[in-house]
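Just below is one structure, and these are the notes that go with it.
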Amino acid sequence: MALRFHNTLTQSVEDFSTQDGKTVRMYTCGPTVYHYVHIGNLRTFTFQDLLRRWLNYRGYVLNHVMNITDVEDKIIRGAMQQGKSLREYTSVYEEAFLEDIDRLRLQRPERLVRATEHIPEMLDAIAKLREGGYTYDSEGSVYYRIARFPSYGKLAHLDVSGMKSGARVDVDEYDKDDARDFVLWKSRKEGEPYWDSEFGAGRPGWHIECSVMAMKYLGETLDIHAGGIDLTFPHHENEIAQSEAITHKTFARFWLHAEHLMVEGQKMSKSLGNFYTLRDLVEQGWQPDIIRYLLASAHYRTKLNFTFDGLRSHASSLERLRNFKLRLDGGKFPEGGPATMAGRTSDALAGFEAAMDDDLNTAGALAAIFEFVRDANSAMDAGTFAAADRAPAHNLLAAFDSIFDILRPVEREGGLSDAAIDELVNERIAAKKARNFSRSDEIRHLLLTGGVILEDTREGTRWKRK
RNA sequence: GGCGCGGUAGCCAAGUGGUAAGGCAGAGGUCUGCAAAACCUUUAUUCGGGGGUUCGAUUCCCCCCCGCGCCUCCA
């Protein structure tokens, strides 16, 4: 089956292709760096990571650009409150963002770009829109006139014709011709950061940065544009209106949107007290790899219910996978004979790939892996898992982990060294052989105190860090 | 009001016009010096409710109930 993605533009699942057959020109909306990113943001970024990895797995070369919005109302307010420059204020959260995505093992895009470093390009784009008659000025600001862009609403599938100003116009929006018009360049306000321009002193509107940076680095037509579902309207709709008014070409061929996550069945919000950042969860003792696993395990277009029960559940589930890998790595299997699991292994890989090809069905992909794990464990118990089965099984886990990236435990600092553990384990094996069980148990407890769990299996003693 | 999404076992979560993946949790069992790990059996005659189309619907259509999102800043 071909690789397929759900395209918001057509509201259907379509076969994926790129313009040149090889490189994916992908733009994703990154963070607004005015606070630490929350678990909902990270759900979307995790989706983008899975998307990257799967495209890569399928042989595409990625050219992925992610923006960092570092000028915007909330940022300006925060910076002013703290008496800091924009850059001083945003750099804290930008660095924190990079730390967070690293902890979640999210691959870095090929390029991270800041809005404030593209002001001239934005001004240039606004000038082009003005030349094309898509703008009007009002009280020192420049607005985009959506009435001039007939297909406005095609992404969000909104019929804007009947929605005129007057229905729900904010007090501070009275100066627009139409409630849906959006600002391209905001006139300077006293005390706020600003840039001088041919449109007067001011700062850019939010939407223009993405149009400009996407096209600067990726060309006039993107293969994929992705983001959270709430960005569909107005942000992405406005990006289309801006970009296509300038180029008269399709701005993005595939629009992929990740659903929101809920927390304990409710919308995450600060007022409900269920608003979490990665830092919050790590402080509570949750490992980032568990969180990654939870975020990756549900399909990206369904609402994901983030719960602490869910985290516990995934911690156990992940333990099962890692135990299997330990067994596969360290087990002794019958040599010389033919592989007995060849069919099962290739079936599992095919099932995994088919699920991922089908609009990144990670839940289905996981099912294929777990079914294999059960069968392989069963074969190992029965003694029919052959040494020749090891390499194909390894390849399967490697394929899986090249996408999910959860089998490698989080590295801990301090504690016992591997060599010290091995020494104690060997001493215990000798003690057991001599049926000196008191010494044997003593060593088990000693290691447990040091955070090391011992397991005696039919393939020998193995250990793992807690 | 408009547009859109969803309601599948205790919890999480796939899925298909032909008779319900997977994970976690629970129960029983096997194995075991201990402790684990692992395996086996078991847990939805049923997929929010009611109609309809069909030989057959959880899957298609209609209505209703519930939850949610967007329509204004928002991952």
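We label chains A, B, ... in the order they appear in the structure tokens, count residues from 1 in each chain, and number ligands from 1 in the order shown.
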Find the residues near C61 of chain B: any atom within 12 Å, counting only C-alpha atoms (C1' of nucleotides), skip ones fewer than 5 places away on the same chain, and give them as a PyMOL selection string.
-> chain B and resi 51-54
Find the residues around Arg111 of chain A up to 7 Å (only C-alpha atoms (C1' of nucleotides) counted), leave out those fewer than 2 positions away in its own chain, and share them as a CSV table (one decimal) with C-alpha atoms, in the first residue's frame.
```csv
chain,number,residue,atom,x,y,z
A,64,HIS,CA,11.9,20.6,7.2
A,65,VAL,CA,11.6,24.2,8.4
A,66,MET,CA,10.1,25.1,11.7
A,109,PRO,CA,14.1,20.1,11.8
A,113,VAL,CA,13.9,30.1,11.9
```
If we count only C-alpha atoms (C1' of nucleotides), what is near Thr116 of chain A at a cut-off of 10 Å, once residues fewer than 6 positions away on the same chain are taken out, given as a list in words?
->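 That gives Ile68, Thr69, Asp70, Val71, Leu86, Arg87, Met122, Trp195, Arg203, Pro204 and Glu209 of chain A.
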What are the DSSP strand (DSSP E) residues of segment 185-417 of chain A, as a PyMOL selection string?
-> chain A and resi 185-187+202-204+222-228+252-258+261-263+266-267+304-306
Contacts of Asp73 of chain A at 12 Å (only C-alpha atoms (C1' of nucleotides); same-chain gap of 2+ positions) as a short mmCIF file (atom, residue, chain, number, x, y, z; two decimals) with N, CA, C and O atoms (P, O5', C5', C4', C3', O3' and C1' of nucleotides), in the first residue's frame:
```
data_model
loop_
_atom_site.label_atom_id
_atom_site.label_comp_id
_atom_site.auth_asym_id
_atom_site.auth_seq_id
_atom_site.Cartn_x
_atom_site.Cartn_y
_atom_site.Cartn_z
N THR A 32 5.50 29.47 20.11
CA THR A 32 5.59 30.88 20.43
C THR A 32 6.31 30.94 21.77
O THR A 32 5.82 30.40 22.76
N VAL A 33 7.48 31.54 21.77
CA VAL A 33 8.34 31.38 22.94
C VAL A 33 8.07 32.45 24.01
O VAL A 33 8.89 33.33 24.26
N TYR A 34 6.90 32.31 24.63
CA TYR A 34 6.57 33.22 25.73
C TYR A 34 6.37 32.45 27.03
O TYR A 34 6.09 33.01 28.08
N THR A 69 8.19 31.63 16.78
CA THR A 69 7.55 32.95 16.85
C THR A 69 8.11 33.69 18.05
O THR A 69 7.86 33.31 19.19
N ASP A 70 8.89 34.71 17.77
CA ASP A 70 9.55 35.41 18.88
C ASP A 70 9.17 36.89 18.91
O ASP A 70 9.86 37.68 19.55
N VAL A 71 8.08 37.23 18.21
CA VAL A 71 7.50 38.56 18.42
C VAL A 71 5.99 38.40 18.26
O VAL A 71 5.52 37.86 17.27
N ILE A 75 4.36 37.83 24.05
CA ILE A 75 5.80 37.98 24.25
C ILE A 75 6.13 39.42 24.64
O ILE A 75 6.88 39.66 25.59
N ILE A 76 5.55 40.34 23.92
CA ILE A 76 5.83 41.75 24.20
C ILE A 76 5.38 42.11 25.61
O ILE A 76 6.11 42.76 26.37
N ARG A 77 4.21 41.62 25.96
CA ARG A 77 3.71 41.90 27.31
C ARG A 77 4.67 41.33 28.37
O ARG A 77 5.04 42.00 29.33
N GLY A 78 5.05 40.08 28.16
CA GLY A 78 5.95 39.43 29.12
C GLY A 78 7.28 40.13 29.24
O GLY A 78 7.81 40.33 30.34
N ALA A 79 7.82 40.50 28.10
CA ALA A 79 9.13 41.15 28.11
C ALA A 79 9.05 42.50 28.80
O ALA A 79 9.93 42.85 29.59
N MET A 80 7.97 43.23 28.52
CA MET A 80 7.83 44.55 29.13
C MET A 80 7.67 44.45 30.64
O MET A 80 8.24 45.23 31.40
N LEU A 86 13.20 41.94 23.91
CA LEU A 86 12.51 40.81 23.32
C LEU A 86 13.40 39.57 23.32
O LEU A 86 13.00 38.48 23.72
N LYS A 186 1.36 45.89 12.16
CA LYS A 186 0.68 46.60 13.25
C LYS A 186 1.44 47.88 13.58
O LYS A 186 2.65 47.85 13.81
N LYS A 189 3.00 50.82 19.09
CA LYS A 189 2.34 51.35 20.28
C LYS A 189 3.42 51.87 21.22
O LYS A 189 4.52 51.32 21.26
N GLU A 192 6.40 49.86 23.08
CA GLU A 192 6.58 48.51 22.56
C GLU A 192 7.70 48.47 21.53
O GLU A 192 8.01 49.48 20.90
N PRO A 193 8.28 47.29 21.35
CA PRO A 193 9.33 47.15 20.34
C PRO A 193 8.75 47.43 18.95
O PRO A 193 7.57 47.17 18.72
N ARG A 203 5.23 46.55 13.86
CA ARG A 203 5.72 45.17 13.92
C ARG A 203 4.81 44.27 13.09
O ARG A 203 3.66 44.64 12.81
N PRO A 204 5.31 43.11 12.72
CA PRO A 204 4.53 42.26 11.81
C PRO A 204 3.36 41.59 12.52
O PRO A 204 3.40 41.33 13.71
N GLY A 205 2.32 41.31 11.75
CA GLY A 205 1.24 40.46 12.24
C GLY A 205 1.76 39.04 12.32
O GLY A 205 2.83 38.72 11.80
N TRP A 206 1.00 38.20 12.94
CA TRP A 206 1.50 36.85 13.20
C TRP A 206 1.60 36.00 11.92
O TRP A 206 2.58 35.29 11.70
P C B 73 -7.96 36.07 16.16
"O5'" C B 73 -6.80 35.39 16.99
"C5'" C B 73 -5.63 36.14 17.33
"C4'" C B 73 -4.98 35.52 18.53
"C3'" C B 73 -4.63 34.04 18.44
"O3'" C B 73 -3.44 33.86 17.71
"C1'" C B 73 -5.53 34.51 20.54
#
```
Surrounding residues of U41 of chain B excluding itself and chain neighbours under 4 positions, 12 Å, only C-alpha atoms (C1' of nucleotides), as a ChimeraX atom specification | /B:27-30
File dump, residues just selected, N, CA and C atoms (P, O5', C5', C4', C3', O3' and C1' of nucleotides), as a PDB file, in the first residue's frame:
```pdb
ATOM      1  P     A B  27      -6.121 -10.197  40.785  1.00  0.00           P
ATOM      2  O5'   A B  27      -7.032 -11.345  40.131  1.00  0.00           O
ATOM      3  C5'   A B  27      -8.355 -11.561  40.613  1.00  0.00           C
ATOM      4  C4'   A B  27      -8.957 -12.755  39.904  1.00  0.00           C
ATOM      5  C3'   A B  27      -8.066 -13.997  39.857  1.00  0.00           C
ATOM      6  O3'   A B  27      -8.110 -14.735  41.059  1.00  0.00           O
ATOM      7  C1'   A B  27      -8.962 -13.604  37.711  1.00  0.00           C
ATOM      8  P     G B  28      -6.767 -15.573  41.531  1.00  0.00           P
ATOM      9  O5'   G B  28      -6.787 -16.811  40.538  1.00  0.00           O
ATOM     10  C5'   G B  28      -7.820 -17.783  40.638  1.00  0.00           C
ATOM     11  C4'   G B  28      -7.708 -18.764  39.496  1.00  0.00           C
ATOM     12  C3'   G B  28      -6.351 -19.445  39.337  1.00  0.00           C
ATOM     13  O3'   G B  28      -6.136 -20.510  40.236  1.00  0.00           O
ATOM     14  C1'   G B  28      -7.105 -18.707  37.224  1.00  0.00           C
ATOM     15  P     G B  29      -4.624 -20.835  40.748  1.00  0.00           P
ATOM     16  O5'   G B  29      -3.964 -21.428  39.413  1.00  0.00           O
ATOM     17  C5'   G B  29      -4.404 -22.667  38.899  1.00  0.00           C
ATOM     18  C4'   G B  29      -3.777 -22.922  37.549  1.00  0.00           C
ATOM     19  C3'   G B  29      -2.266 -23.103  37.508  1.00  0.00           C
ATOM     20  O3'   G B  29      -1.847 -24.385  37.917  1.00  0.00           O
ATOM     21  C1'   G B  29      -2.969 -21.735  35.698  1.00  0.00           C
ATOM     22  P     U B  30      -0.353 -24.590  38.497  1.00  0.00           P
ATOM     23  O5'   U B  30       0.543 -24.481  37.184  1.00  0.00           O
ATOM     24  C5'   U B  30       0.416 -25.455  36.139  1.00  0.00           C
ATOM     25  C4'   U B  30       1.388 -25.144  35.048  1.00  0.00           C
ATOM     26  C3'   U B  30       2.844 -25.013  35.491  1.00  0.00           C
ATOM     27  O3'   U B  30       3.478 -26.280  35.602  1.00  0.00           O
ATOM     28  C1'   U B  30       2.280 -23.230  34.029  1.00  0.00           C
TER      29        U B  30
END
```
Might you pull out every residue within 10 Å of U8 of chain B, with only C-alpha atoms (C1' of nucleotides) counted and same-chain residues fewer than 6 positions away left off, and present them as a count of residues only?
-> 7
Contacts between chain B and chain A, please, where a residue of chain A counts if it comes within 6 Å (with only C-alpha atoms (C1' of nucleotides)); show its shortest atom pair and distance in Å to one decimal, rows by chain and ascending number, as a tab-separated table.
```
residue	atom	partner	partner_atom	distance
A:Gly40	CA	B:A75	C1'	5.8
A:Asn41	CA	B:A75	C1'	4.1
A:Thr44	CA	B:A75	C1'	5.6
A:Gly228	CA	B:A75	C1'	4.5
A:Ser313	CA	B:C24	C1'	4.5
A:Ala363	CA	B:A14	C1'	5.9
A:Gly364	CA	B:A14	C1'	5.5
A:Ala367	CA	B:G22	C1'	4.2
A:Ser378	CA	B:C39	C1'	5.7
A:Glu455	CA	B:A36	C1'	5.5
```
Would you kindly return, as a PyMOL selection string, each protein, DNA or RNA residue with an atom no farther than 6 Å from any atom of Thr18 of chain A, considering only C-alpha atoms (C1' of nucleotides) and excluding same-chain residues fewer than 3 positions away?
-> chain A and resi 21+24+223
Go ahead and save the picked residues with N, CA and C atoms, as a tab-separated table (two decimals), in the first residue's frame.
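New file part.tsv:
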```
chain	number	residue	atom	x	y	z
A	21	GLY	N	9.80	14.05	-6.29
A	21	GLY	CA	9.88	12.60	-6.12
A	21	GLY	C	10.85	12.15	-5.04
A	24	VAL	N	11.15	16.12	0.59
A	24	VAL	CA	9.91	16.61	1.16
A	24	VAL	C	10.16	18.03	1.66
A	223	ASP	N	5.44	20.76	0.06
A	223	ASP	CA	4.79	19.45	-0.04
A	223	ASP	C	3.88	19.23	1.16
```
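Coordinates place atom CA of Arg108 of chain A at a distance of 18.4 Å from atom CA of Arg58 of chain A.
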Work out how far apart atom CA of Phe400 of chain A and atom CA of Phe254 of chain A are and give it in Å to one decimal.
->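 Atom-to-atom, atom CA of Phe400 of chain A and atom CA of Phe254 of chain A are spaced 25.2 Å apart.
Here atom CA of Ala368 of chain A is placed at a distance of 15.8 Å from atom CA of Tyr293 of chain A.
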